[in-house]
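*Asks:* File run18.csv follows (CSV, C-alpha atoms):
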chain,number,residue,atom,x,y,z
Z,1,MET,CA,35.6,1.9,-60.4
Z,2,VAL,CA,35.9,5.7,-60.1
Z,3,ASP,CA,39.1,6.8,-58.3
Z,4,PRO,CA,38.8,10.5,-57.3
Z,5,THR,CA,42.1,10.4,-55.5
Z,6,ARG,CA,43.9,10.8,-58.9
Z,7,TRP,CA,42.2,14.3,-59.1
Z,8,PHE,CA,43.2,15.4,-55.6
Z,9,LYS,CA,46.7,16.2,-54.4
Z,10,SER,CA,46.1,15.6,-50.7
Z,11,THR,CA,47.4,13.7,-47.7
Z,12,PRO,CA,45.7,10.4,-46.7
Z,13,LEU,CA,44.0,12.3,-44.0
Z,14,GLN,CA,41.9,14.2,-46.6
Z,15,ALA,CA,40.5,11.0,-48.2
Z,16,GLN,CA,37.7,10.0,-45.7
Z,17,ALA,CA,34.4,11.4,-44.5
Z,18,GLU,CA,32.2,10.8,-41.5
Z,19,VAL,CA,28.6,11.9,-40.7
Z,20,ARG,CA,26.6,10.8,-37.6
Z,21,ALA,CA,23.4,12.6,-38.5
Z,22,SER,CA,20.5,12.6,-40.9
Z,23,SER,CA,20.3,14.6,-44.1
Z,24,SER,CA,18.8,18.1,-44.1
Z,25,THR,CA,19.2,21.4,-45.9
Z,26,GLY,CA,22.1,23.5,-44.6
Z,27,GLY,CA,21.0,26.5,-42.6
Z,28,THR,CA,17.3,25.5,-42.7
Z,29,PRO,CA,15.1,23.7,-40.2
Z,30,GLU,CA,15.6,19.9,-40.1
Z,31,ARG,CA,13.1,18.1,-42.3
Z,32,GLY,CA,11.1,15.6,-40.3
Z,33,ASP,CA,12.7,16.4,-37.0
Z,34,LYS,CA,10.1,18.0,-34.8
Z,35,SER,CA,12.5,18.0,-31.8
Z,36,ASN,CA,14.9,20.4,-33.6
Z,37,PRO,CA,12.9,22.8,-35.8
Z,38,VAL,CA,15.4,25.7,-35.5
Z,39,MET,CA,17.8,27.1,-38.0
Z,40,VAL,CA,21.5,26.1,-37.7
Z,41,PRO,CA,23.8,28.8,-39.0
Z,42,ILE,CA,26.7,27.4,-41.0
Z,43,ARG,CA,29.5,29.7,-41.9
Z,44,SER,CA,32.7,29.6,-44.0
Z,45,ILE,CA,35.8,29.2,-41.8
Z,46,GLY,CA,39.3,30.3,-42.7
Z,47,PRO,CA,42.8,30.4,-41.2
Z,48,GLY,CA,41.6,32.6,-38.4
Z,49,GLN,CA,39.8,29.6,-37.0
Z,50,ILE,CA,42.8,27.2,-37.3
Z,51,ASP,CA,43.0,26.7,-33.5
Z,52,ARG,CA,39.4,25.8,-33.3
Z,53,ILE,CA,39.7,23.4,-36.3
Z,54,GLU,CA,42.5,21.6,-34.6
Z,55,ALA,CA,40.7,21.4,-31.3
Z,56,HIS,CA,37.6,20.0,-33.0
Z,57,LEU,CA,39.5,17.2,-34.8
Z,58,LEU,CA,41.6,16.4,-31.7
Z,59,GLU,CA,38.3,15.9,-29.7
Z,60,LEU,CA,37.3,13.0,-32.0
Z,61,ASP,CA,37.8,9.7,-30.3
Z,62,THR,CA,39.7,6.7,-31.8
Z,63,ASN,CA,36.7,5.3,-33.7
Z,64,ASP,CA,35.6,8.7,-35.0
Z,65,ARG,CA,39.1,9.4,-36.3
Z,66,TYR,CA,39.1,6.0,-38.0
Z,67,LEU,CA,35.9,6.8,-39.8
Z,68,ARG,CA,36.9,10.4,-40.6
Z,69,PHE,CA,40.5,9.7,-41.8
Z,70,GLY,CA,40.4,6.0,-42.8
Z,71,TYR,CA,42.6,5.0,-39.9
Z,72,ALA,CA,42.9,5.9,-36.2
Z,73,ALA,CA,45.0,9.1,-36.7
Z,74,ASN,CA,47.1,10.1,-33.8
Z,75,ASP,CA,47.3,13.7,-32.5
Z,76,GLU,CA,50.5,14.5,-34.5
Z,77,GLN,CA,48.9,13.3,-37.8
Z,78,ILE,CA,45.8,15.4,-37.1
Z,79,ARG,CA,48.0,18.5,-36.4
Z,80,ARG,CA,49.9,17.8,-39.7
Z,81,TYR,CA,46.6,17.6,-41.6
Z,82,VAL,CA,45.4,20.9,-40.1
Z,83,ALA,CA,48.8,22.6,-41.0
Z,84,GLN,CA,48.4,21.5,-44.6
Z,85,LEU,CA,44.9,22.8,-45.1
Z,86,ASN,CA,44.7,25.1,-48.2
Z,87,PHE,CA,42.2,27.8,-47.5
Z,88,ASP,CA,42.9,29.5,-50.8
Z,89,ARG,CA,41.9,26.5,-52.8
Z,90,ASP,CA,39.4,24.6,-50.6
Z,91,GLU,CA,36.4,25.7,-48.6
Z,92,LEU,CA,35.6,24.8,-45.0
Z,93,PHE,CA,32.3,25.2,-43.2
Z,94,GLY,CA,31.6,25.1,-39.5
Z,95,ILE,CA,28.9,25.0,-36.9
Z,96,PHE,CA,29.7,26.7,-33.6
Z,97,ASN,CA,28.1,26.4,-30.2
Z,98,ARG,CA,27.5,29.3,-27.7
Z,99,ARG,CA,31.0,29.0,-26.4
Z,100,LEU,CA,32.3,29.4,-30.0
Z,101,GLU,CA,33.5,25.8,-30.0
Z,102,LEU,CA,33.6,24.2,-33.5
Z,103,ILE,CA,31.3,21.2,-33.0
Z,104,ALA,CA,30.8,20.2,-36.7
Z,105,MET,CA,33.0,20.8,-39.7
Z,106,ALA,CA,33.0,20.1,-43.4
Z,107,HIS,CA,35.9,20.2,-45.9
Z,108,LEU,CA,35.2,20.7,-49.6
Z,109,ALA,CA,38.4,20.0,-51.5
Z,110,PHE,CA,38.6,21.2,-55.1
Z,111,SER,CA,40.6,19.4,-57.8
Z,112,LEU,CA,44.1,20.5,-58.6
Z,113,ASP,CA,44.1,18.7,-62.0
Z,114,PRO,CA,43.2,21.2,-64.7
Z,115,GLN,CA,41.4,18.4,-66.6
Z,116,TYR,CA,39.0,18.0,-63.6
Z,117,THR,CA,38.4,21.5,-62.4
Z,118,SER,CA,34.7,20.7,-62.2
Z,119,CYS,CA,35.2,18.1,-59.5
Z,120,ALA,CA,35.4,18.3,-55.7
Z,121,GLU,CA,35.5,16.0,-52.7
Z,122,PHE,CA,33.5,16.2,-49.5
Z,123,GLY,CA,34.5,15.3,-45.9
Z,124,VAL,CA,32.8,16.0,-42.6
Z,125,SER,CA,33.1,15.4,-38.9
Z,126,VAL,CA,30.8,16.0,-35.9
Z,127,VAL,CA,31.8,15.8,-32.3
Z,128,LYS,CA,30.1,13.1,-30.2
Z,129,HIS,CA,28.0,15.3,-28.0
Z,130,ALA,CA,26.5,17.1,-31.0
Z,131,ARG,CA,25.4,13.9,-32.8
Z,132,GLY,CA,21.8,13.3,-33.8
Z,133,ARG,CA,20.9,16.9,-34.7
Z,134,GLY,CA,21.3,16.6,-38.4
Z,135,TYR,CA,24.5,18.7,-38.5
Z,136,GLY,CA,26.2,16.3,-40.9
Z,137,GLY,CA,23.4,16.5,-43.5
Z,138,ARG,CA,23.1,20.2,-43.2
Z,139,LEU,CA,26.8,20.6,-43.8
Z,140,PHE,CA,26.6,18.3,-46.8
Z,141,GLU,CA,23.8,20.4,-48.3
Z,142,ARG,CA,25.7,23.6,-47.6
Z,143,ALA,CA,28.8,22.2,-49.3
Z,144,VAL,CA,26.7,21.1,-52.3
Z,145,MET,CA,25.2,24.6,-52.7
Z,146,HIS,CA,28.7,26.2,-52.6
Z,147,ALA,CA,30.1,23.6,-55.0
Z,148,ARG,CA,27.3,24.3,-57.5
Z,149,ASN,CA,28.0,28.1,-57.3
Z,150,GLU,CA,31.7,27.5,-57.9
Z,151,GLY,CA,30.9,25.5,-61.1
Z,152,VAL,CA,31.5,22.0,-59.7
Z,153,GLN,CA,29.6,19.4,-61.7
Z,154,MET,CA,30.7,16.2,-59.8
Z,155,LEU,CA,31.0,15.8,-56.1
Z,156,PHE,CA,32.9,12.8,-54.7
Z,157,ILE,CA,32.8,11.1,-51.3
Z,158,HIS,CA,35.3,8.5,-50.3
Z,159,ALA,CA,34.3,6.7,-47.2
Z,160,LEU,CA,34.7,3.4,-45.4
Z,161,SER,CA,31.9,1.0,-46.3
Z,162,GLU,CA,31.0,0.7,-42.6
Z,163,ASN,CA,30.4,4.4,-42.5
Z,164,THR,CA,26.7,3.8,-43.2
Z,165,ALA,CA,25.6,7.3,-42.0
Z,166,MET,CA,27.8,9.0,-44.6
Z,167,LEU,CA,26.7,6.7,-47.4
Z,168,LYS,CA,23.1,7.1,-46.4
Z,169,ILE,CA,23.3,10.9,-46.8
Z,170,ALA,CA,25.0,10.5,-50.2
Z,171,ARG,CA,22.4,8.0,-51.3
Z,172,ARG,CA,19.5,10.3,-50.2
Z,173,ALA,CA,21.0,13.0,-52.3
Z,174,GLY,CA,21.0,10.7,-55.4
Z,175,ALA,CA,24.7,9.8,-55.4
Z,176,VAL,CA,25.9,6.7,-57.2
Z,177,ILE,CA,27.7,4.5,-54.7
Z,178,GLU,CA,30.3,1.9,-55.7
Z,179,ARG,CA,31.8,-0.4,-53.1
Z,180,ASP,CA,35.2,-2.0,-53.2
Z,181,GLY,CA,35.7,-4.2,-50.1
Z,182,SER,CA,36.2,-2.0,-47.0
Z,183,GLU,CA,35.9,1.2,-49.0
Z,184,SER,CA,33.1,2.9,-50.9
Z,185,GLU,CA,33.0,5.8,-53.3
Z,186,ALA,CA,30.0,7.9,-54.1
Z,187,HIS,CA,29.7,10.5,-56.8
Z,188,LEU,CA,26.9,13.0,-57.2
Z,189,ARG,CA,26.3,15.0,-60.3
Z,190,LEU,CA,25.3,18.6,-59.4
Z,191,PRO,CA,23.0,20.8,-61.4
Z,192,PRO,CA,24.4,24.2,-62.5
Z,193,ALA,CA,24.1,27.2,-60.3
Z,194,ASP,CA,21.1,29.4,-60.6
Z,195,PHE,CA,19.8,32.7,-59.1
Z,196,ASP,CA,18.2,30.9,-56.2
Z,197,SER,CA,21.3,28.9,-55.3
Z,198,ARG,CA,23.5,32.1,-55.3
Z,199,VAL,CA,21.1,34.2,-53.3
Z,200,THR,CA,20.4,31.4,-50.8
Z,201,GLU,CA,24.1,30.9,-50.2
Z,202,MET,CA,24.7,34.6,-49.7
Z,203,VAL,CA,21.8,34.9,-47.3
Z,204,ASN,CA,22.8,31.8,-45.3
Z,205,GLU,CA,26.4,33.0,-45.0
Z,206,GLN,CA,25.3,36.4,-43.8
Z,207,VAL,CA,23.0,34.9,-41.2
Z,208,ALA,CA,25.8,32.6,-40.0
Z,209,ILE,CA,28.3,35.5,-39.7
Z,210,THR,CA,25.8,37.6,-37.7
Z,211,ASP,CA,25.1,34.6,-35.5
Z,212,TYR,CA,28.8,34.1,-34.8
Z,213,HIS,CA,29.3,37.8,-33.9
Z,214,LEU,CA,26.3,37.7,-31.5
Z,215,LYS,CA,27.8,34.6,-29.8
Z,216,ALA,CA,31.2,36.3,-29.6
Z,217,GLN,CA,29.6,39.4,-28.0
Z,218,ALA,CA,27.6,37.3,-25.6
Z,219,LYS,CA,30.7,35.3,-24.6
Z,220,GLN,CA,32.6,38.5,-24.0
Z,221,PHE,CA,29.7,40.0,-22.0
Z,222,TRP,CA,29.5,36.9,-19.7
Z,223,GLY,CA,33.2,36.9,-19.3
Z,224,PHE,CA,33.0,40.6,-18.2
Z,225,LEU,CA,30.2,39.7,-15.7
Z,226,SER,CA,32.3,36.9,-14.3
Z,227,VAL,CA,35.3,39.2,-13.7
Z,228,LEU,CA,32.9,41.8,-12.1
Z,229,GLN,CA,31.4,39.2,-9.8
Z,230,ASP,CA,34.9,38.1,-8.7
Z,231,ILE,CA,35.8,41.7,-7.9
Z,232,ARG,CA,32.6,42.1,-5.9
Z,233,GLN,CA,33.2,38.9,-4.0
Z,234,GLY,CA,36.8,40.1,-3.2
Z,235,VAL,CA,35.5,43.4,-2.0
Z,236,ARG,CA,32.9,41.7,0.3
Z,237,GLU,CA,35.5,39.3,1.7
Z,238,ALA,CA,37.9,42.3,2.4
Z,239,ARG,CA,35.1,44.2,4.2
Z,240,GLU,CA,34.3,41.2,6.3
Z,241,ARG,CA,37.9,40.8,7.3
Z,242,VAL,CA,38.1,44.5,8.3
Z,243,ARG,CA,34.9,44.2,10.3
Z,244,GLY,CA,36.2,41.0,12.0
Produce structure tokens that represent the structure in this file.
*Replies:*
Amino acid sequence: MVDPTRWFKSTPLQAQAEVRASSSTGGTPERGDKSNPVMVPIRSIGPGQIDRIEAHLLELDTNDRYLRFGYAANDEQIRRYVAQLNFDRDELFGIFNRRLELIAMAHLAFSLDPQYTSCAEFGVSVVKHARGRGYGGRLFERAVMHARNEGVQMLFIHALSENTAMLKIARRAGAVIERDGSESEAHLRLPPADFDSRVTEMVNEQVAITDYHLKAQAKQFWGFLSVLQDIRQGVREARERVRG
């Protein structure tokens, strides 16, 4: 049985993956989902988003943490995992809502072993209220595209056998899945990068960055309006007290 853990120097928290969504192409409309035909921007996230990453993972309930990490990780273990993230080596992708909350995140961990530099491991999490929108599948496709462009030839997914949603996405992508009791391992051989994969990733990333900036500006604008309304309300109340 393939054991990708020998290729990754990581904590136990980096070994599992969870998806509660159907497969789809990252940054493109959901295939076969007429209820959600819109584009979902997915952007790379770095240390500047560390607080949002931690908040996202802490929002997962006990069962979600069990599926994501292989056991019901407590808050301290999650904080330790976040503190050990290596943004120079690995790649993280995220989907943000209008309030700039990180509602779905993928972690693409690259091998440290020089003999297996063409290997990487995928993990993903989606908060409960954002399930059923295909985010997990889109993040998977986004990670696959980036892995290809970085020269990865084999992508691994290590998941609990009961995590059928994750395994379903891997199977749809053509991954070979091997089960060993309560755990399953999937490995997917990736085609080499080409012009289309490189241009598509570059365009998708730019779209996602633009979307994030627009959301940030909108959040700032509505915050300004809220303060302005509070000031106006205070002025009205002061006038009424004077008149009274």
*Asks:* If you take all atoms listed in the file and a cut-off of 10 Å, which residues of region 29-84 of chain Z touch region 94-104 of chain Z, and what are their nearest atom pairs and distances in Å to one decimal, in chain and number order, as a Markdown table?
*Replies:*
| residue | atom | partner | partner_atom | distance |
| --- | --- | --- | --- | --- |
| Z:Val40 | CA | Z:Ile95 | CA | 7.5 |
| Z:Pro41 | CA | Z:Ile95 | CA | 6.7 |
| Z:Ile42 | CA | Z:Ile95 | CA | 5.2 |
| Z:Arg43 | CA | Z:Gly94 | CA | 5.6 |
| Z:Ser44 | CA | Z:Gly94 | CA | 6.5 |
| Z:Ile45 | CA | Z:Gly94 | CA | 6.3 |
| Z:Gly46 | CA | Z:Gly94 | CA | 9.8 |
| Z:Gln49 | CA | Z:Leu102 | CA | 8.9 |
| Z:Asp51 | CA | Z:Leu102 | CA | 9.7 |
| Z:Arg52 | CA | Z:Leu102 | CA | 6.0 |
| Z:Ile53 | CA | Z:Leu102 | CA | 6.8 |
| Z:Glu54 | CA | Z:Leu102 | CA | 9.3 |
| Z:Ala55 | CA | Z:Leu102 | CA | 7.9 |
| Z:His56 | CA | Z:Leu102 | CA | 5.8 |
| Z:Leu57 | CA | Z:Leu102 | CA | 9.2 |
| Z:Glu59 | CA | Z:Ile103 | CA | 9.4 |
*Asks:* Counting only C-alpha atoms, which residue out of Z:Ile169, Z:Leu108, Z:Val152, Z:Ala186 sits closest to Gly137 (chain Z)?
*Replies:*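 For Gly137 (chain Z), the nearest of the given residues is Z:Ile169.
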*Asks:* Can you tell me, as a list in words, what residues are no more than 9 Å from Ala143 (chain Z) when counting only C-alpha atoms, ignoring any on the same chain fewer than 5 positions away?
*Replies:*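 My list of contacting residues is Gly26, Glu91, Leu92, Phe93, Ala106, His107, Leu108, Phe122, Arg138 and Arg148 of chain Z.
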*Asks:* To one decimal place in Å, what is the distance between CA of His146 (chain Z) and CA of Ser197 (chain Z)?
*Replies:* 8.3 Å
*Asks:* Within 9 Å of (24.6, 14.9, -59.8) (file coordinates; all atoms listed in the file), which protein or nucleic acid residues are there? I'd like them as a PyMOL selection string.
*Replies:* chain Z and resi 153-155+173-176+187-191
*Asks:* Could you check the closest approach to Pro192 (chain Z) for each of Z:Asn149, Z:Ser111, Z:Gln77, Z:Ser118 and tell me which residue wins, using all atoms listed in the file?
*Replies:* Z:Asn149
*Asks:* How many Å separate CA of Glu178 (chain Z) from CA of Val127 (chain Z)?
*Replies:*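 CA of Glu178 (chain Z) sits 27.3 Å away from CA of Val127 (chain Z).
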*Asks:* I'd like the interatomic distance between CA of Gln84 (chain Z) and CA of Gly123 (chain Z), to a tenth of an Å.
*Replies:*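 Separating CA of Gln84 (chain Z) from CA of Gly123 (chain Z) is a distance of 15.3 Å.
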*Asks:* Measuring between only C-alpha atoms, which one of Z:Leu214, Z:Ala147, Z:Gly181, Z:Glu162 shows the shortest distance to Ala193 (chain Z)?
*Replies:* Z:Ala147
*Asks:* Given 3 Å of margin on each side, can you work out the centre and size in Å (one decimal) of an axis-aligned box holding every listed atom of region 191-199 of chain Z, as AutoDock Vina command-line options?
*Replies:*
--center_x 21.3 --center_y 27.5 --center_z -57.9 --size_x 12.2 --size_y 19.4 --size_z 15.2
